[in-house]
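This report refers to the structure that appears directly beneath it.
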Amino acid sequence: MTCCKRVARRRDAGVLVGILIFFAFFSRTARSEPWRFSLALQTAQSSSDHQGIQSLEPGQSLERALSGSEAHTYQLALANGEFAGITVEQRGVDVLVQVLDSSGKVLAEFDGETRTIGQEFVGVVGDSSAQTLQLKVKAVYPRMASGRYEIRRAETRSASDSDRSIFESHKLFTAAQASLDLGKYDEAIRTLEHALALADIPSAPADAYVGQLLYRIALLKRLKGDFKEAERLLDRAVALDEKFLGREHPQTADALRGWGNLYISTAEYARAEPLLQESLEISERTLGREHPTDALCLRVLANLHGFLEDTDRARAYLERALAIVEKTLPPEDVTVIAIVHDLGDIYRVMGDFDRAEPLFQRGVDWVEKRYGPEHIQLASPLHNLGNIAVERKEYGKALELYERAYAIRAKAAGAQHPDTVRILSSIANVYFIQGDFAKARKINQQALDALSSSAGPYHRATAYALEGIARSYAAEGNLELALQYQARYDEVLAKQIEWNLAMGSDRERLAYLHWVSSQTDRTISLHVQQGPENAAARDLAFSVLLQRKGRGLDAMSGDMLALRDRLNADDRKLLDELGETDAKLAKLSLAGPGKTPRDDWQKQLADLGERREHLESAVSDRSAEFRAQSQPVTIASVRNTIPADAALIEFASFRTFDPKKRETFAYGESHYVAYVLRNSGDVQWRDLGPVDQVDAALSALQRE
């Protein structure tokens, strides 16, 4: 039962990564954030200024205390084409500076320094209206605010072209946040790209603000499924942040977290974890251990470990994150809602639907109230409410929720986006449970077809679609096609196992292998229960058993690491290059073509594959030990190692699996099976019977 629930979580965690991490985009991480724009605009129009509006004259400096939800407003008189440079020294409080027109409309926001000690710089250019602008200063986190700041009009002069360009860029950045509030991804991307073009100019060399823009665009590119472009932007963002701010800076930590998010989206978990851990550690060192940004890091780490089947660690991260935001943010803050939603998903995985449902509904109510009934943030809680409806056998309700989530997701990110397609798999599952196997299969085929242009052959969504089709054919009794799709699914899973077992502690790898064993059960059961006389079913089951057992033993023993230590420097260099090529091949395969023409993408795959073969051959020539470990595990390759007068006997326990039943109830009693391979001839096998009976018989034999 536990494994079944974990499978269900894997189906939905991708939605959390693809959509709920969108909540993180709306949360306060570094600089001004989209969700906060809405609140800031309201506050700008309604907050009371306890000391009235003061004029900020050239050279003037004012020091003031700031706490809670206070807002201080200053008048800034500027002639057309005049530039004012304002500095705000933060002394114990992180401030947000807004530039407002005479009507109170927010034109631009500045929040370049996310620590409580440091300087904000605000550059403003007067326009032809010759109006008196306003500056509003307030705390980013009112519940954490208690400190002082000094504001100074440090510079007044004629504006340069660079000054105009940068100020216009900040205004566009603020406008993009308004588009995001409405869920208009494409409009926000266009606006941010325009802002980047204005800021990234020769007369104003690339600086930390450009890094911020790159990071924001990258997040949206990832959400739109353009993973290759997102990585390019993040690579440059991190480089600029390091150059101008240093590695130990909150903005650098944000970009690293964004990079980790990207690798989660492409199922490159081994590459995601070190980036996310470093992001958390930098955030804790620079902002403190109870800062809302820490909670964001913890939340993303929770999603990562959810994919790795480590529910306990995921829950621990979320509980710690919730404790932080409950202290530092108001109850209806978007980050609080997101973390509460994720905890609801943990409860759902645990089967505690009564605790999970109100948390999901809280998310739906919050988004509908703030953004309306068609906003992208609704997709994930609606999807999860559909999952609960399925568990309660409310299939009509589940379909309504899924279809609404699908329509929202397709409109915002496109019908071919992997996270959109994943909802199709949930819809297919409802029809499957109701016994309409043909319709379920057709919907999963629709999903698989959509993924052909947006995701790689080893993407999670591709695996789910293949699994659904294989199971439908098995339920329909079409063993030949069931085996065909099961073999494709097992091939995808083999790659995911290879990449995922490269990370984590022994406990985490064991948790992941435990989930993998539930998938192996299906393949063996397909042979033993449905195709006992089918040679293809037998060989597939035996091959999968050999491969996964070997992969698991390698991962837990650390043989490859030990081998590397025994190689000389030149051989280690070759092995490292092979590892880098493997990583590139994995990333390209998992990410899919994106905006790259499919023919070009396939050529890149072929070139990397050829490079990998060349390197593997070179390392094999130099190391017999590597050659032995790296050989593909096939029945033929194993057979060739068996002496003529010997036999290999592989024992395994597996749970019987009924493909016609819903996932929660599909697994039956455990059986032992034995496969026998000799130097020649077909694989022999025998179902040894239920585990309980065999164990009892063995115990009785030992007592005699």
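Ordering of the structure tokens sets the chain letters (A, B, ...), residue numbers begin anew at 1 in every chain, and ligands are numbered from 1 in the order given.
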
Who sits within 8 Å of Arg299 of chain A, only C-alpha atoms, same chain under 6 positions skipped, as a VMD selection string: chain A and resid 317 to 318 321 339

All residues 8 Å or closer to Ala470 of chain A, only C-alpha atoms, same chain fewer than 2 positions away omitted, as number ranges by chain: A: 466-468, 472-474, 481-486

Only N, CA and C atoms, please: the residues just picked out, written as a compact mmCIF listing (two decimals), in the first residue's frame.
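Below is the file out.txt, written as the result:
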```txt
# COMPACT_ATOMS: atom_id res chain seq x y z
N LEU A 466 3.61 6.24 -21.16
CA LEU A 466 3.94 4.87 -21.58
C LEU A 466 3.39 3.85 -20.59
N GLU A 467 3.54 4.13 -19.31
CA GLU A 467 3.05 3.23 -18.28
C GLU A 467 1.53 3.06 -18.40
N GLY A 468 0.82 4.19 -18.61
CA GLY A 468 -0.63 4.12 -18.73
C GLY A 468 -1.08 3.32 -19.93
N SER A 472 -3.17 -0.22 -19.87
CA SER A 472 -4.47 -0.34 -20.55
C SER A 472 -4.49 -1.55 -21.47
N TYR A 473 -3.42 -1.73 -22.24
CA TYR A 473 -3.35 -2.90 -23.12
C TYR A 473 -3.40 -4.19 -22.31
N ALA A 474 -2.70 -4.19 -21.16
CA ALA A 474 -2.72 -5.39 -20.32
C ALA A 474 -4.12 -5.66 -19.80
N LEU A 481 0.95 -5.89 -27.31
CA LEU A 481 1.16 -4.45 -27.25
C LEU A 481 1.47 -3.99 -25.83
N ALA A 482 0.92 -4.68 -24.84
CA ALA A 482 1.26 -4.35 -23.46
C ALA A 482 2.76 -4.52 -23.23
N LEU A 483 3.32 -5.59 -23.74
CA LEU A 483 4.76 -5.84 -23.60
C LEU A 483 5.57 -4.79 -24.34
N GLN A 484 5.08 -4.39 -25.50
CA GLN A 484 5.81 -3.40 -26.30
C GLN A 484 5.95 -2.08 -25.53
N TYR A 485 4.85 -1.62 -24.94
CA TYR A 485 4.90 -0.36 -24.21
C TYR A 485 5.55 -0.52 -22.83
N GLN A 486 5.39 -1.69 -22.22
CA GLN A 486 6.05 -1.94 -20.95
C GLN A 486 7.56 -1.92 -21.13
```

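Distance annotation: of A:Lys549, A:Lys397, A:Lys228, A:Arg115, the residue with the minimal separation from Ala145 of chain A is A:Arg115; atom set is only C-alpha atoms.
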
Contacts of segment 166-172 of chain A at 7 Å (only C-alpha atoms; same-chain gap of 3+ positions) as number ranges by chain: A: 107-108, 123-125, 162-163, 175-176, 191-192, 195-196, 198-199

So that I have them on file, write out the residues from the current selection with N, CA and C atoms, as a PDB file, in the first residue's frame.
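Result file is selection_26.pdb:
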```pdb
ATOM      1  N   LEU A 107       5.000  53.522 -10.281  1.00  0.00           N
ATOM      2  CA  LEU A 107       5.710  53.487 -11.563  1.00  0.00           C
ATOM      3  C   LEU A 107       6.828  52.448 -11.559  1.00  0.00           C
ATOM      4  N   ALA A 108       7.534  52.376 -10.452  1.00  0.00           N
ATOM      5  CA  ALA A 108       8.674  51.460 -10.369  1.00  0.00           C
ATOM      6  C   ALA A 108       8.940  51.129  -8.912  1.00  0.00           C
ATOM      7  N   GLY A 123      17.399  55.285  -8.902  1.00  0.00           N
ATOM      8  CA  GLY A 123      17.664  56.286  -9.931  1.00  0.00           C
ATOM      9  C   GLY A 123      16.377  56.665 -10.637  1.00  0.00           C
ATOM     10  N   VAL A 124      15.996  57.969 -10.578  1.00  0.00           N
ATOM     11  CA  VAL A 124      14.720  58.437 -11.118  1.00  0.00           C
ATOM     12  C   VAL A 124      14.972  59.543 -12.133  1.00  0.00           C
ATOM     13  N   VAL A 125      14.207  59.514 -13.223  1.00  0.00           N
ATOM     14  CA  VAL A 125      14.323  60.526 -14.271  1.00  0.00           C
ATOM     15  C   VAL A 125      12.980  61.229 -14.428  1.00  0.00           C
ATOM     16  N   SER A 162      21.801  56.654 -20.630  1.00  0.00           N
ATOM     17  CA  SER A 162      21.866  55.458 -19.791  1.00  0.00           C
ATOM     18  C   SER A 162      20.900  55.562 -18.615  1.00  0.00           C
ATOM     19  N   ASP A 163      20.826  56.755 -17.984  1.00  0.00           N
ATOM     20  CA  ASP A 163      19.896  56.955 -16.866  1.00  0.00           C
ATOM     21  C   ASP A 163      18.461  56.703 -17.311  1.00  0.00           C
ATOM     22  N   ALA A 175       5.933  46.679 -14.448  1.00  0.00           N
ATOM     23  CA  ALA A 175       4.756  46.361 -15.274  1.00  0.00           C
ATOM     24  C   ALA A 175       4.652  44.861 -15.529  1.00  0.00           C
ATOM     25  N   ALA A 176       5.794  44.207 -15.685  1.00  0.00           N
ATOM     26  CA  ALA A 176       5.778  42.754 -15.911  1.00  0.00           C
ATOM     27  C   ALA A 176       5.172  42.021 -14.736  1.00  0.00           C
ATOM     28  N   THR A 191       7.741  41.775 -21.808  1.00  0.00           N
ATOM     29  CA  THR A 191       8.046  43.001 -21.062  1.00  0.00           C
ATOM     30  C   THR A 191       9.400  42.905 -20.375  1.00  0.00           C
ATOM     31  N   LEU A 192       9.678  41.756 -19.771  1.00  0.00           N
ATOM     32  CA  LEU A 192      10.964  41.575 -19.100  1.00  0.00           C
ATOM     33  C   LEU A 192      12.119  41.571 -20.093  1.00  0.00           C
ATOM     34  N   ALA A 195      12.787  45.049 -20.866  1.00  0.00           N
ATOM     35  CA  ALA A 195      13.508  45.645 -19.734  1.00  0.00           C
ATOM     36  C   ALA A 195      14.977  45.253 -19.750  1.00  0.00           C
ATOM     37  N   LEU A 196      15.256  43.990 -20.086  1.00  0.00           N
ATOM     38  CA  LEU A 196      16.638  43.518 -20.163  1.00  0.00           C
ATOM     39  C   LEU A 196      17.399  44.241 -21.261  1.00  0.00           C
ATOM     40  N   LEU A 198      16.937  47.193 -22.368  1.00  0.00           N
ATOM     41  CA  LEU A 198      17.217  48.568 -21.958  1.00  0.00           C
ATOM     42  C   LEU A 198      18.323  48.650 -20.908  1.00  0.00           C
ATOM     43  N   ALA A 199      18.435  47.610 -20.075  1.00  0.00           N
ATOM     44  CA  ALA A 199      19.430  47.637 -18.998  1.00  0.00           C
ATOM     45  C   ALA A 199      20.786  47.106 -19.429  1.00  0.00           C
TER      46      ALA A 199
END
```

d(atom CA of Tyr675 of chain A, atom CA of Glu476 of chain A) in Å: 27.3 Å

DSSP-assigned helix (DSSP H, G or I) among segment 68-234 of chain A, expressed as a PyMOL selection string: chain A and resi 142-144+161-181+185-199+208-223+227-234

Env of Tyr74 of chain A: 12 Å cut, atoms = only C-alpha atoms, seq-sep filter 2 positions within chain, self excluded. Answer as a CSV table (one decimal) with C-alpha atoms, in the first residue's frame.
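Contents of result37.csv, as written:
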```
chain,number,residue,atom,x,y,z
A,49,ASP,CA,2.3,58.0,6.7
A,51,GLN,CA,5.0,61.7,9.9
A,52,GLY,CA,3.4,63.2,6.8
A,53,ILE,CA,4.9,63.7,3.4
A,54,GLN,CA,8.3,65.4,3.4
A,55,SER,CA,10.2,67.0,0.5
A,56,LEU,CA,13.5,65.4,-0.4
A,57,GLU,CA,15.8,68.2,-1.5
A,60,GLN,CA,19.3,66.4,2.0
A,61,SER,CA,19.7,63.4,4.3
A,62,LEU,CA,17.0,62.1,6.7
A,71,ALA,CA,5.2,53.7,5.2
A,72,HIS,CA,7.1,57.0,4.8
A,76,LEU,CA,10.7,64.5,-5.3
A,77,ALA,CA,10.5,67.5,-7.6
A,86,ILE,CA,18.7,58.5,-4.0
A,97,VAL,CA,11.3,51.9,-2.3
A,98,GLN,CA,8.4,52.7,-4.6
A,99,VAL,CA,8.3,55.6,-7.2
A,100,LEU,CA,4.8,56.9,-7.5
A,101,ASP,CA,3.3,59.5,-9.8
A,102,SER,CA,1.2,62.4,-8.5
A,132,THR,CA,6.2,66.0,-8.5
A,133,LEU,CA,6.9,62.4,-8.0
A,134,GLN,CA,6.7,60.5,-4.7
A,135,LEU,CA,9.0,58.0,-3.0
A,136,LYS,CA,7.4,55.6,-0.6
A,137,VAL,CA,9.6,53.7,1.8
A,138,LYS,CA,8.3,50.7,3.7
A,151,ILE,CA,17.5,58.3,2.9
A,152,ARG,CA,19.6,60.8,1.0
A,153,ARG,CA,19.2,62.6,-2.3
```

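By only C-alpha atoms, and with residues fewer than 2 positions from Ser69 of chain A along its chain excluded, the set lying at most 9 Å from it is Ser47, Ser48, Leu66, Ser67, Ala71, Lys138, Ala139, Tyr141, Pro142, Arg143 and Ala145 of chain A.
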
Preceding selection exported with all heavy atoms as a CSV table (one decimal), in the first residue's frame:
```csv
chain,number,residue,atom,x,y,z
A,47,SER,N,-1.8,53.0,2.8
A,47,SER,CA,-1.0,53.0,4.1
A,47,SER,C,-0.9,54.5,4.6
A,47,SER,O,-0.8,55.4,3.9
A,47,SER,CB,0.4,52.5,3.8
A,47,SER,OG,0.4,51.2,3.5
A,48,SER,N,-0.9,54.5,5.9
A,48,SER,CA,-0.8,55.9,6.5
A,48,SER,C,0.7,56.2,6.7
A,48,SER,O,1.5,55.4,7.0
A,48,SER,CB,-1.5,55.8,7.9
A,48,SER,OG,-0.9,54.9,8.7
A,66,LEU,N,11.8,52.7,11.4
A,66,LEU,CA,10.7,52.1,10.6
A,66,LEU,C,10.4,50.8,11.2
A,66,LEU,O,11.2,49.9,11.5
A,66,LEU,CB,11.2,51.9,9.2
A,66,LEU,CG,10.1,51.3,8.2
A,66,LEU,CD1,9.0,52.3,7.9
A,66,LEU,CD2,10.8,50.9,6.9
A,67,SER,N,9.1,50.5,11.5
A,67,SER,CA,8.7,49.3,12.1
A,67,SER,C,7.3,48.9,11.6
A,67,SER,O,6.5,49.8,11.1
A,67,SER,CB,8.7,49.3,13.6
A,67,SER,OG,7.7,50.3,14.0
A,71,ALA,N,4.7,53.3,6.5
A,71,ALA,CA,5.2,53.7,5.2
A,71,ALA,C,5.5,55.2,5.3
A,71,ALA,O,4.7,56.0,5.7
A,71,ALA,CB,4.1,53.4,4.1
A,138,LYS,N,9.0,51.5,2.7
A,138,LYS,CA,8.3,50.7,3.7
A,138,LYS,C,9.1,49.4,3.8
A,138,LYS,O,10.0,49.1,3.0
A,138,LYS,CB,6.9,50.4,3.3
A,138,LYS,CG,6.7,49.8,1.9
A,138,LYS,CD,5.2,49.8,1.6
A,138,LYS,CE,5.0,49.3,0.2
A,138,LYS,NZ,3.5,49.2,-0.1
A,139,ALA,N,8.7,48.6,4.9
A,139,ALA,CA,9.4,47.4,5.1
A,139,ALA,C,8.9,46.3,4.2
A,139,ALA,O,7.7,46.2,3.9
A,139,ALA,CB,9.2,46.9,6.6
A,141,TYR,N,9.1,43.1,4.9
A,141,TYR,CA,8.4,42.1,5.8
A,141,TYR,C,8.0,42.9,7.0
A,141,TYR,O,8.7,43.0,8.0
A,141,TYR,CB,9.4,41.0,6.2
A,141,TYR,CG,9.8,40.2,5.0
A,141,TYR,CD1,11.2,40.2,4.6
A,141,TYR,CD2,9.0,39.4,4.3
A,141,TYR,CE1,11.6,39.5,3.5
A,141,TYR,CE2,9.4,38.6,3.2
A,141,TYR,CZ,10.7,38.7,2.8
A,141,TYR,OH,11.1,38.0,1.7
A,142,PRO,N,6.7,43.4,7.1
A,142,PRO,CA,6.3,44.2,8.2
A,142,PRO,C,6.4,43.4,9.5
A,142,PRO,O,6.7,44.0,10.6
A,142,PRO,CB,4.8,44.4,7.9
A,142,PRO,CG,4.8,44.4,6.4
A,142,PRO,CD,5.7,43.4,6.0
A,143,ARG,N,6.2,42.1,9.5
A,143,ARG,CA,6.3,41.4,10.8
A,143,ARG,C,7.7,41.2,11.3
A,143,ARG,O,7.9,40.8,12.5
A,143,ARG,CB,5.6,40.0,10.7
A,143,ARG,CG,4.1,40.1,10.3
A,143,ARG,CD,3.5,38.7,10.2
A,143,ARG,NE,3.4,38.1,11.5
A,143,ARG,CZ,2.8,36.9,11.7
A,143,ARG,NH1,2.2,36.3,10.7
A,143,ARG,NH2,2.7,36.4,12.9
A,145,ALA,N,9.9,43.8,10.7
A,145,ALA,CA,10.5,45.1,10.6
A,145,ALA,C,10.7,45.8,12.0
A,145,ALA,O,9.7,46.0,12.7
A,145,ALA,CB,9.6,46.0,9.7
```
